[in-house]
Structures are given as C-alpha cells and as structure tokens.
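Participant: Structure supplied as data_32.pdb; contents: PDB, C-alpha atoms, pLDDT in the B column.
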ATOM      1  CA  MET A   1     -17.570  22.552  19.446  1.00 55.00           C
ATOM      2  CA  THR A   2     -16.944  19.735  17.021  1.00 61.00           C
ATOM      3  CA  ALA A   3     -14.107  19.328  14.633  1.00 59.00           C
ATOM      4  CA  THR A   4     -14.896  18.617  11.035  1.00 60.00           C
ATOM      5  CA  HIS A   5     -12.698  16.070   9.382  1.00 56.00           C
ATOM      6  CA  THR A   6     -12.467  16.230   5.633  1.00 55.00           C
ATOM      7  CA  ARG A   7     -11.426  13.253   3.633  1.00 50.00           C
ATOM      8  CA  PRO A   8      -8.835  13.756   0.891  1.00 53.00           C
ATOM      9  CA  ALA A   9     -10.194  13.074  -2.583  1.00 51.00           C
ATOM     10  CA  HIS A  10      -7.697  10.334  -3.450  1.00 54.00           C
ATOM     11  CA  THR A  11      -7.795   8.061  -0.401  1.00 67.00           C
ATOM     12  CA  ALA A  12      -9.088   4.998  -2.264  1.00 68.00           C
ATOM     13  CA  LYS A  13      -6.606   5.590  -5.086  1.00 67.00           C
ATOM     14  CA  GLN A  14      -3.790   5.919  -2.582  1.00 68.00           C
ATOM     15  CA  GLU A  15      -4.748   2.641  -0.937  1.00 73.00           C
ATOM     16  CA  TRP A  16      -4.794   0.855  -4.306  1.00 72.00           C
ATOM     17  CA  ALA A  17      -1.486   2.429  -5.276  1.00 70.00           C
ATOM     18  CA  THR A  18       0.065   1.379  -1.993  1.00 74.00           C
ATOM     19  CA  GLY A  19      -1.282  -2.140  -2.411  1.00 78.00           C
ATOM     20  CA  LEU A  20       0.074  -2.455  -5.945  1.00 82.00           C
ATOM     21  CA  THR A  21       3.453  -1.149  -4.860  1.00 82.00           C
ATOM     22  CA  ALA A  22       3.535  -3.630  -1.981  1.00 86.00           C
ATOM     23  CA  PHE A  23       2.581  -6.395  -4.432  1.00 88.00           C
ATOM     24  CA  ALA A  24       5.390  -5.364  -6.774  1.00 88.00           C
ATOM     25  CA  ALA A  25       7.887  -5.167  -3.887  1.00 91.00           C
ATOM     26  CA  VAL A  26       7.054  -8.633  -2.590  1.00 93.00           C
ATOM     27  CA  MET A  27       7.010 -10.176  -6.056  1.00 92.00           C
ATOM     28  CA  LEU A  28      10.303  -8.497  -6.981  1.00 93.00           C
ATOM     29  CA  PHE A  29      11.808  -9.820  -3.761  1.00 95.00           C
ATOM     30  CA  LEU A  30      10.632 -13.345  -4.625  1.00 94.00           C
ATOM     31  CA  VAL A  31      11.862 -13.062  -8.228  1.00 92.00           C
ATOM     32  CA  GLY A  32      15.221 -11.861  -6.953  1.00 94.00           C
ATOM     33  CA  LEU A  33      15.486 -14.625  -4.387  1.00 95.00           C
ATOM     34  CA  LEU A  34      14.552 -17.285  -6.933  1.00 92.00           C
ATOM     35  CA  ASP A  35      17.012 -15.810  -9.431  1.00 91.00           C
ATOM     36  CA  ILE A  36      19.732 -15.986  -6.769  1.00 94.00           C
ATOM     37  CA  PHE A  37      18.941 -19.669  -6.234  1.00 92.00           C
ATOM     38  CA  ARG A  38      18.866 -20.271  -9.983  1.00 87.00           C
ATOM     39  CA  GLY A  39      22.231 -18.541 -10.328  1.00 88.00           C
ATOM     40  CA  ILE A  40      23.763 -20.660  -7.575  1.00 91.00           C
ATOM     41  CA  MET A  41      22.422 -23.821  -9.225  1.00 86.00           C
ATOM     42  CA  ALA A  42      23.883 -22.835 -12.583  1.00 82.00           C
ATOM     43  CA  ILE A  43      27.247 -21.843 -11.105  1.00 86.00           C
ATOM     44  CA  ALA A  44      27.418 -25.193  -9.305  1.00 86.00           C
ATOM     45  CA  GLU A  45      26.659 -26.829 -12.702  1.00 71.00           C
ATOM     46  CA  ASP A  46      23.762 -28.815 -11.373  1.00 63.00           C
ATOM     47  CA  ASP A  47      22.200 -31.478 -13.602  1.00 63.00           C
ATOM     48  CA  ILE A  48      18.822 -29.738 -13.496  1.00 63.00           C
ATOM     49  CA  PHE A  49      19.534 -27.598 -16.564  1.00 61.00           C
ATOM     50  CA  LEU A  50      19.175 -28.774 -20.155  1.00 60.00           C
ATOM     51  CA  THR A  51      21.938 -28.322 -22.659  1.00 63.00           C
ATOM     52  CA  THR A  52      20.829 -27.277 -26.115  1.00 63.00           C
ATOM     53  CA  ARG A  53      23.158 -27.382 -29.064  1.00 67.00           C
ATOM     54  CA  ASN A  54      23.213 -24.711 -31.748  1.00 68.00           C
ATOM     55  CA  TYR A  55      21.351 -22.120 -29.686  1.00 64.00           C
ATOM     56  CA  VAL A  56      21.900 -18.589 -30.982  1.00 62.00           C
ATOM     57  CA  PHE A  57      22.337 -17.022 -27.521  1.00 63.00           C
ATOM     58  CA  GLU A  58      24.453 -19.833 -26.142  1.00 65.00           C
ATOM     59  CA  PHE A  59      26.568 -18.976 -23.099  1.00 67.00           C
ATOM     60  CA  ASP A  60      28.386 -21.162 -20.690  1.00 71.00           C
ATOM     61  CA  LEU A  61      26.014 -22.354 -17.944  1.00 74.00           C
ATOM     62  CA  THR A  62      28.291 -20.736 -15.362  1.00 80.00           C
ATOM     63  CA  GLY A  63      27.981 -17.423 -17.235  1.00 80.00           C
ATOM     64  CA  TRP A  64      24.201 -17.614 -17.059  1.00 80.00           C
ATOM     65  CA  GLY A  65      24.513 -18.427 -13.367  1.00 85.00           C
ATOM     66  CA  TRP A  66      26.447 -15.224 -12.701  1.00 90.00           C
ATOM     67  CA  VAL A  67      23.944 -13.177 -14.738  1.00 88.00           C
ATOM     68  CA  HIS A  68      20.995 -14.549 -12.756  1.00 88.00           C
ATOM     69  CA  LEU A  69      22.830 -14.204  -9.457  1.00 94.00           C
ATOM     70  CA  ALA A  70      23.625 -10.529 -10.102  1.00 95.00           C
ATOM     71  CA  LEU A  71      20.095  -9.721 -11.303  1.00 94.00           C
ATOM     72  CA  GLY A  72      18.636 -11.500  -8.290  1.00 94.00           C
ATOM     73  CA  ALA A  73      20.805  -9.609  -5.818  1.00 96.00           C
ATOM     74  CA  VAL A  74      19.906  -6.238  -7.360  1.00 96.00           C
ATOM     75  CA  ALA A  75      16.205  -7.188  -7.449  1.00 95.00           C
ATOM     76  CA  VAL A  76      16.222  -7.993  -3.727  1.00 95.00           C
ATOM     77  CA  ILE A  77      17.877  -4.647  -2.917  1.00 95.00           C
ATOM     78  CA  VAL A  78      15.415  -2.717  -5.106  1.00 94.00           C
ATOM     79  CA  SER A  79      12.461  -4.487  -3.480  1.00 93.00           C
ATOM     80  CA  PHE A  80      13.435  -2.970  -0.126  1.00 93.00           C
ATOM     81  CA  GLY A  81      13.446   0.475  -1.777  1.00 92.00           C
ATOM     82  CA  LEU A  82       9.942  -0.221  -3.087  1.00 89.00           C
ATOM     83  CA  LEU A  83       8.754  -0.898   0.446  1.00 87.00           C
ATOM     84  CA  ARG A  84       9.978   2.609   1.324  1.00 86.00           C
ATOM     85  CA  ALA A  85       8.010   3.978  -1.684  1.00 79.00           C
ATOM     86  CA  ALA A  86      11.136   5.514  -3.193  1.00 83.00           C
ATOM     87  CA  THR A  87      10.813   6.862  -6.736  1.00 85.00           C
ATOM     88  CA  TRP A  88      14.255   5.556  -7.681  1.00 90.00           C
ATOM     89  CA  ALA A  89      13.111   2.072  -6.661  1.00 90.00           C
ATOM     90  CA  ARG A  90      10.077   2.215  -8.963  1.00 90.00           C
ATOM     91  CA  VAL A  91      12.282   3.126 -11.917  1.00 92.00           C
ATOM     92  CA  ALA A  92      14.914   0.560 -10.967  1.00 94.00           C
ATOM     93  CA  GLY A  93      12.209  -2.059 -10.348  1.00 93.00           C
ATOM     94  CA  VAL A  94      10.849  -1.667 -13.868  1.00 94.00           C
ATOM     95  CA  ALA A  95      14.388  -1.818 -15.283  1.00 96.00           C
ATOM     96  CA  ILE A  96      15.364  -4.898 -13.258  1.00 95.00           C
ATOM     97  CA  ALA A  97      12.112  -6.696 -14.066  1.00 94.00           C
ATOM     98  CA  GLY A  98      12.736  -5.925 -17.744  1.00 95.00           C
ATOM     99  CA  LEU A  99      16.263  -7.304 -17.513  1.00 95.00           C
ATOM    100  CA  VAL A 100      14.945 -10.407 -15.745  1.00 92.00           C
ATOM    101  CA  ILE A 101      12.505 -10.908 -18.637  1.00 94.00           C
ATOM    102  CA  ILE A 102      15.335 -10.592 -21.168  1.00 93.00           C
ATOM    103  CA  ALA A 103      17.666 -12.913 -19.215  1.00 89.00           C
ATOM    104  CA  ASN A 104      14.947 -15.530 -18.831  1.00 87.00           C
ATOM    105  CA  PHE A 105      14.052 -15.296 -22.495  1.00 90.00           C
ATOM    106  CA  LEU A 106      17.664 -15.773 -23.493  1.00 86.00           C
ATOM    107  CA  SER A 107      18.076 -18.723 -21.141  1.00 81.00           C
ATOM    108  CA  LEU A 108      14.760 -20.288 -22.201  1.00 82.00           C
ATOM    109  CA  PRO A 109      16.285 -23.496 -23.619  1.00 79.00           C
ATOM    110  CA  TYR A 110      18.119 -24.280 -20.387  1.00 76.00           C
ATOM    111  CA  TYR A 111      15.069 -24.262 -18.106  1.00 79.00           C
ATOM    112  CA  PRO A 112      11.979 -23.572 -20.255  1.00 83.00           C
ATOM    113  CA  VAL A 113       8.997 -23.843 -17.895  1.00 88.00           C
ATOM    114  CA  TRP A 114      10.630 -21.859 -15.112  1.00 86.00           C
ATOM    115  CA  SER A 115      11.764 -19.178 -17.561  1.00 87.00           C
ATOM    116  CA  VAL A 116       8.172 -18.684 -18.743  1.00 93.00           C
ATOM    117  CA  VAL A 117       6.966 -18.439 -15.123  1.00 92.00           C
ATOM    118  CA  MET A 118       9.622 -15.828 -14.310  1.00 91.00           C
ATOM    119  CA  ILE A 119       8.799 -13.844 -17.456  1.00 94.00           C
ATOM    120  CA  THR A 120       5.114 -13.779 -16.463  1.00 93.00           C
ATOM    121  CA  ILE A 121       5.777 -12.700 -12.878  1.00 92.00           C
ATOM    122  CA  SER A 122       8.185  -9.997 -14.048  1.00 92.00           C
ATOM    123  CA  GLY A 123       5.526  -8.728 -16.447  1.00 93.00           C
ATOM    124  CA  PHE A 124       3.109  -8.341 -13.522  1.00 91.00           C
ATOM    125  CA  ILE A 125       5.786  -6.456 -11.584  1.00 91.00           C
ATOM    126  CA  ILE A 126       6.268  -4.006 -14.449  1.00 92.00           C
ATOM    127  CA  TRP A 127       2.504  -3.546 -14.741  1.00 89.00           C
ATOM    128  CA  ALA A 128       2.093  -2.922 -10.997  1.00 87.00           C
ATOM    129  CA  LEU A 129       4.900  -0.354 -10.939  1.00 88.00           C
ATOM    130  CA  CYS A 130       3.782   1.475 -14.084  1.00 87.00           C
ATOM    131  CA  VAL A 131       0.051   1.705 -13.361  1.00 83.00           C
ATOM    132  CA  VAL A 132       0.547   3.628 -10.100  1.00 73.00           C
ATOM    133  CA  GLN A 133       0.647   7.400 -10.412  1.00 65.00           C
ATOM    134  CA  ARG A 134       3.589   9.137  -8.819  1.00 61.00           C
ATOM    135  CA  GLY A 135       1.958  10.992  -5.912  1.00 59.00           C
ATOM    136  CA  ASN A 136      -0.556   8.328  -4.894  1.00 51.00           C
ATOM    137  CA  VAL A 137       1.684   6.010  -2.898  1.00 55.00           C
ATOM    138  CA  PHE A 138       1.792   6.054   0.888  1.00 53.00           C
ATOM    139  CA  GLU A 139       5.106   5.019   2.359  1.00 55.00           C
ATOM    140  CA  LEU A 140       4.415   1.447   3.403  1.00 52.00           C
ATOM    141  CA  SER A 141       6.099   1.878   6.766  1.00 49.00           C
ATOM    142  CA  GLU A 142       4.156   4.978   7.781  1.00 53.00           C
ATOM    143  CA  GLU A 143       0.864   4.893   9.610  1.00 49.00           C
ATOM    144  CA  ARG A 144      -2.095   5.867   7.496  1.00 49.00           C
ATOM    145  CA  PRO A 145      -4.565   8.443   8.769  1.00 49.00           C
ATOM    146  CA  VAL A 146      -7.780   7.129  10.243  1.00 48.00           C
ATOM    147  CA  TYR A 147     -10.857   9.010   9.184  1.00 49.00           C
ATOM    148  CA  GLU A 148     -14.106   9.196  11.077  1.00 44.00           C
ATOM    149  CA  GLU A 149     -16.776   7.372   9.172  1.00 49.00           C
ATOM    150  CA  ARG A 150     -20.447   8.087   9.749  1.00 49.00           C
ATOM    151  CA  ARG A 151     -22.790   5.203   9.649  1.00 52.00           C
ATOM    152  CA  PRO A 152     -25.997   5.804   7.695  1.00 55.00           C
ATOM    153  CA  TYR A 153     -28.135   5.626  10.854  1.00 56.00           C
ATOM    154  CA  GLU A 154     -26.113   8.239  12.767  1.00 56.00           C
ATOM    155  CA  LYS A 155     -27.525  11.753  12.873  1.00 58.00           C
ATOM    156  CA  ARG A 156     -25.343  14.688  12.037  1.00 58.00           C
ATOM    157  CA  PRO A 157     -24.763  17.228  14.776  1.00 59.00           C
ATOM    158  CA  PRO A 158     -26.487  20.576  14.235  1.00 61.00           C
ATOM    159  CA  ALA A 159     -24.325  23.036  12.363  1.00 56.00           C
TER
END
Go ahead and express the file in the form of structure tokens.
Facilitator:
Amino acid sequence: MTATHTRPAHTAKQEWATGLTAFAAVMLFLVGLLDIFRGIMAIAEDDIFLTTRNYVFEFDLTGWGWVHLALGAVAVIVSFGLLRAATWARVAGVAIAGLVIIANFLSLPYYPVWSVVMITISGFIIWALCVVQRGNVFELSEERPVYEERRPYEKRPPA
C-alpha cells in the first residue's frame, strides 16, 4: 500500500512570500541598525553632518539624532517580529519604513547621499511587505514540509 502525497496549490507562492518577508526583515534590521548609528553620531554632534542655513524643516542636530535613534530601535524590534511572520510586524514594518522615509527626507540637507540610500532601501521594504498576501507566509523558524518529487524517468506505481 502506498501513500499518496498531494502538493498544496500555493507552495511556490508561499516560498516567494517567505523569501520576501525574510528580505524585508533583514533589510529592516539593517535600516534600523544604521539609523541607530546615525542617531548616535548626530547626538554626539559629529563633524560628519552638514549644516544648512534657512532650511524649512530645520531642527537641532541632536533632535534629529534622537528621532533616528528611536526609529532605528523600533525598526530592529519590528524586524524580529517579521522573522516570526507576525501580522502586526508587517503592518508596523510598513509604518516604520514609511516614517524612516519621511525622517530621511526631512534630514536630507544634513547627510544627502545617505538619506537617499535609506529612502530607497525603505521603499523596497515597503514593497516587499505589501506584495505578500496575508496567508502565504510560512513562519521563518518553522520547518517546511518536504514533498516527494517524481523524476520524469520514474514509473508510477500501479493504481
């Protein structure tokens, strides 16, 4: 007697969804970590930042440092939730990536090239989290089922 294994219809979609979620989690972790470093640099009033006069959204450099530090810390925490495939983390990830885009846009004159890089990466994070359908994500820590594949040269057993 042989057991028949049926393959679920969405296995390939689930693998892509899991991959995109893992991509978003890792990228959000990196964005958060880099934002933490950027915040520490700004709080320490390092000479790496430009000072622009008459900028509409002008804040004290220390104020921007605290904004980036807080966003970075929340982004790192949310990235761990994304690795657990939690729905709250997908929503929070999109929100945090959006806030990172806004914060980097507003602090564009202080560190222009890096702000554009962070805006681009955050845009990819939002795309990766929004393109995945809700039920298609495997939890990244769980073991995926292994399906028996038949090679084209193998004969099927008689039914």
Participant: Taking the file as shown, what set of residues would the PyMOL selection byres ((chain A and resi 19-34) around 7) give back, as number ranges by chain?
Facilitator: A: 15-18, 35-38, 71-73, 75-76, 79, 82-83, 125, 128-129
Participant: One number please: CA of Ile101 in chain A to CA of Phe80 in chain A, in Å, one decimal.
Facilitator: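 Pair CA of Ile101 in chain A / CA of Phe80 in chain A returns 20.2 Å.
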Participant: Which centre and edge lengths in Å to one decimal define the box along x, y and z that fits every listed atom of range 92-108 of chain A plus 8 Å per side, as AutoDock Vina command-line options?
Facilitator:
--center_x 14.5 --center_y -9.9 --center_z -16.9 --size_x 23.2 --size_y 36.8 --size_z 29.1
Participant: Could you tell me which of A:Ile96, A:Ala42, A:Ala89, A:Ile102 comes closest to Ser115 in chain A if we count only C-alpha atoms?
Facilitator: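 Of the candidates, the smallest distance to Ser115 in chain A is held by A:Ile102.
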Participant: Point out the residue among A:Val94, A:Val116, A:Ala85, A:Met41 with the least atom-to-atom distance to Leu69 in chain A, counting all atoms listed in the file.
Facilitator: A:Met41
Participant: Residues within 10 Å of Gly98 in chain A, please, as a PyMOL selection string. Count only C-alpha atoms; anything in the same chain fewer than 4 positions from it doesn't count.
Facilitator: chain A and resi 92-94+102-104+119+122-123+125-126
Participant: Any idea what the distance is between CA of Gly65 in chain A and CA of Val113 in chain A?
Facilitator: 17.0 Å
Participant: Interatomic distance between CA of Ile40 in chain A and CA of Gly63 in chain A?
Facilitator: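 So the two atoms, CA of Ile40 in chain A and CA of Gly63 in chain A, lie 11.0 Å apart.
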Participant: Counting only C-alpha atoms, which residue out of A:Met118, A:Gly39, A:Val74, A:Trp127 sits closest to Thr62 in chain A?
Facilitator: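 Selected residue with least distance to Thr62 in chain A: A:Gly39.
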Participant: Pick out the closest residue to Leu61 in chain A from this set: A:Ala86, A:Ser107, A:Trp114, A:Gly81. Count all atoms listed in the file.
Facilitator: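 Distance minimum relative to Leu61 in chain A lands on A:Ser107.
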Participant: Missing atoms in range 114-125 of chain A should be modelled up to all heavy atoms and reported as a CSV table (one decimal), in the frame of the given file.
Facilitator:
chain,number,residue,atom,x,y,z
A,114,TRP,N,10.3,-22.9,-16.1
A,114,TRP,CA,10.6,-21.9,-15.1
A,114,TRP,C,10.9,-20.5,-15.7
A,114,TRP,O,10.5,-19.5,-15.2
A,114,TRP,CB,11.8,-22.3,-14.3
A,114,TRP,CG,12.0,-21.4,-13.1
A,114,TRP,CD1,13.0,-20.5,-12.8
A,114,TRP,CD2,11.1,-21.2,-12.0
A,114,TRP,NE1,12.8,-19.9,-11.7
A,114,TRP,CE2,11.6,-20.3,-11.2
A,114,TRP,CE3,9.8,-21.8,-11.7
A,114,TRP,CZ2,10.9,-19.9,-10.0
A,114,TRP,CZ3,9.2,-21.4,-10.5
A,114,TRP,CH2,9.8,-20.5,-9.7
A,115,SER,N,11.5,-20.5,-16.9
A,115,SER,CA,11.8,-19.2,-17.6
A,115,SER,C,10.5,-18.5,-17.9
A,115,SER,O,10.3,-17.3,-17.8
A,115,SER,CB,12.6,-19.4,-18.8
A,115,SER,OG,13.9,-19.8,-18.5
A,116,VAL,N,9.5,-19.3,-18.4
A,116,VAL,CA,8.2,-18.7,-18.7
A,116,VAL,C,7.5,-18.2,-17.5
A,116,VAL,O,6.9,-17.1,-17.5
A,116,VAL,CB,7.3,-19.7,-19.5
A,116,VAL,CG1,5.9,-19.2,-19.6
A,116,VAL,CG2,7.9,-20.0,-20.8
A,117,VAL,N,7.6,-18.9,-16.4
A,117,VAL,CA,7.0,-18.4,-15.1
A,117,VAL,C,7.6,-17.1,-14.7
A,117,VAL,O,6.9,-16.2,-14.3
A,117,VAL,CB,7.1,-19.5,-14.0
A,117,VAL,CG1,6.8,-19.0,-12.7
A,117,VAL,CG2,6.2,-20.7,-14.4
A,118,MET,N,8.9,-17.0,-14.7
A,118,MET,CA,9.6,-15.8,-14.3
A,118,MET,C,9.3,-14.7,-15.2
A,118,MET,O,9.2,-13.5,-14.8
A,118,MET,CB,11.1,-16.1,-14.2
A,118,MET,CG,11.5,-17.1,-13.2
A,118,MET,SD,11.2,-16.5,-11.5
A,118,MET,CE,12.7,-15.5,-11.3
A,119,ILE,N,9.2,-14.9,-16.5
A,119,ILE,CA,8.8,-13.8,-17.5
A,119,ILE,C,7.4,-13.3,-17.1
A,119,ILE,O,7.2,-12.1,-17.1
A,119,ILE,CB,8.9,-14.4,-18.9
A,119,ILE,CG1,10.3,-14.6,-19.3
A,119,ILE,CG2,8.1,-13.4,-19.9
A,119,ILE,CD1,10.5,-15.3,-20.6
A,120,THR,N,6.5,-14.2,-16.8
A,120,THR,CA,5.1,-13.8,-16.5
A,120,THR,C,5.1,-13.0,-15.2
A,120,THR,O,4.5,-11.9,-15.1
A,120,THR,CB,4.2,-15.0,-16.3
A,120,THR,OG1,4.3,-15.8,-17.5
A,120,THR,CG2,2.8,-14.6,-16.1
A,121,ILE,N,5.8,-13.4,-14.2
A,121,ILE,CA,5.8,-12.7,-12.9
A,121,ILE,C,6.4,-11.3,-13.1
A,121,ILE,O,5.9,-10.3,-12.5
A,121,ILE,CB,6.5,-13.5,-11.8
A,121,ILE,CG1,5.7,-14.8,-11.5
A,121,ILE,CG2,6.7,-12.7,-10.5
A,121,ILE,CD1,6.4,-15.7,-10.5
A,122,SER,N,7.5,-11.3,-13.8
A,122,SER,CA,8.2,-10.0,-14.0
A,122,SER,C,7.3,-9.0,-14.8
A,122,SER,O,7.3,-7.8,-14.6
A,122,SER,CB,9.5,-10.2,-14.8
A,122,SER,OG,10.4,-11.0,-14.0
A,123,GLY,N,6.5,-9.6,-15.7
A,123,GLY,CA,5.5,-8.7,-16.4
A,123,GLY,C,4.5,-8.1,-15.5
A,123,GLY,O,4.2,-6.9,-15.6
A,124,PHE,N,4.0,-8.9,-14.5
A,124,PHE,CA,3.1,-8.3,-13.5
A,124,PHE,C,3.8,-7.3,-12.7
A,124,PHE,O,3.2,-6.3,-12.3
A,124,PHE,CB,2.5,-9.5,-12.6
A,124,PHE,CG,1.4,-10.2,-13.3
A,124,PHE,CD1,1.5,-11.5,-13.5
A,124,PHE,CD2,0.2,-9.5,-13.6
A,124,PHE,CE1,0.4,-12.2,-14.0
A,124,PHE,CE2,-0.8,-10.2,-14.2
A,124,PHE,CZ,-0.7,-11.6,-14.4
A,125,ILE,N,5.1,-7.5,-12.4
A,125,ILE,CA,5.8,-6.5,-11.6
A,125,ILE,C,5.9,-5.1,-12.4
A,125,ILE,O,5.6,-4.1,-11.8
A,125,ILE,CB,7.2,-7.0,-11.2
A,125,ILE,CG1,7.1,-8.1,-10.3
A,125,ILE,CG2,8.1,-5.8,-10.7
A,125,ILE,CD1,8.4,-8.9,-10.1
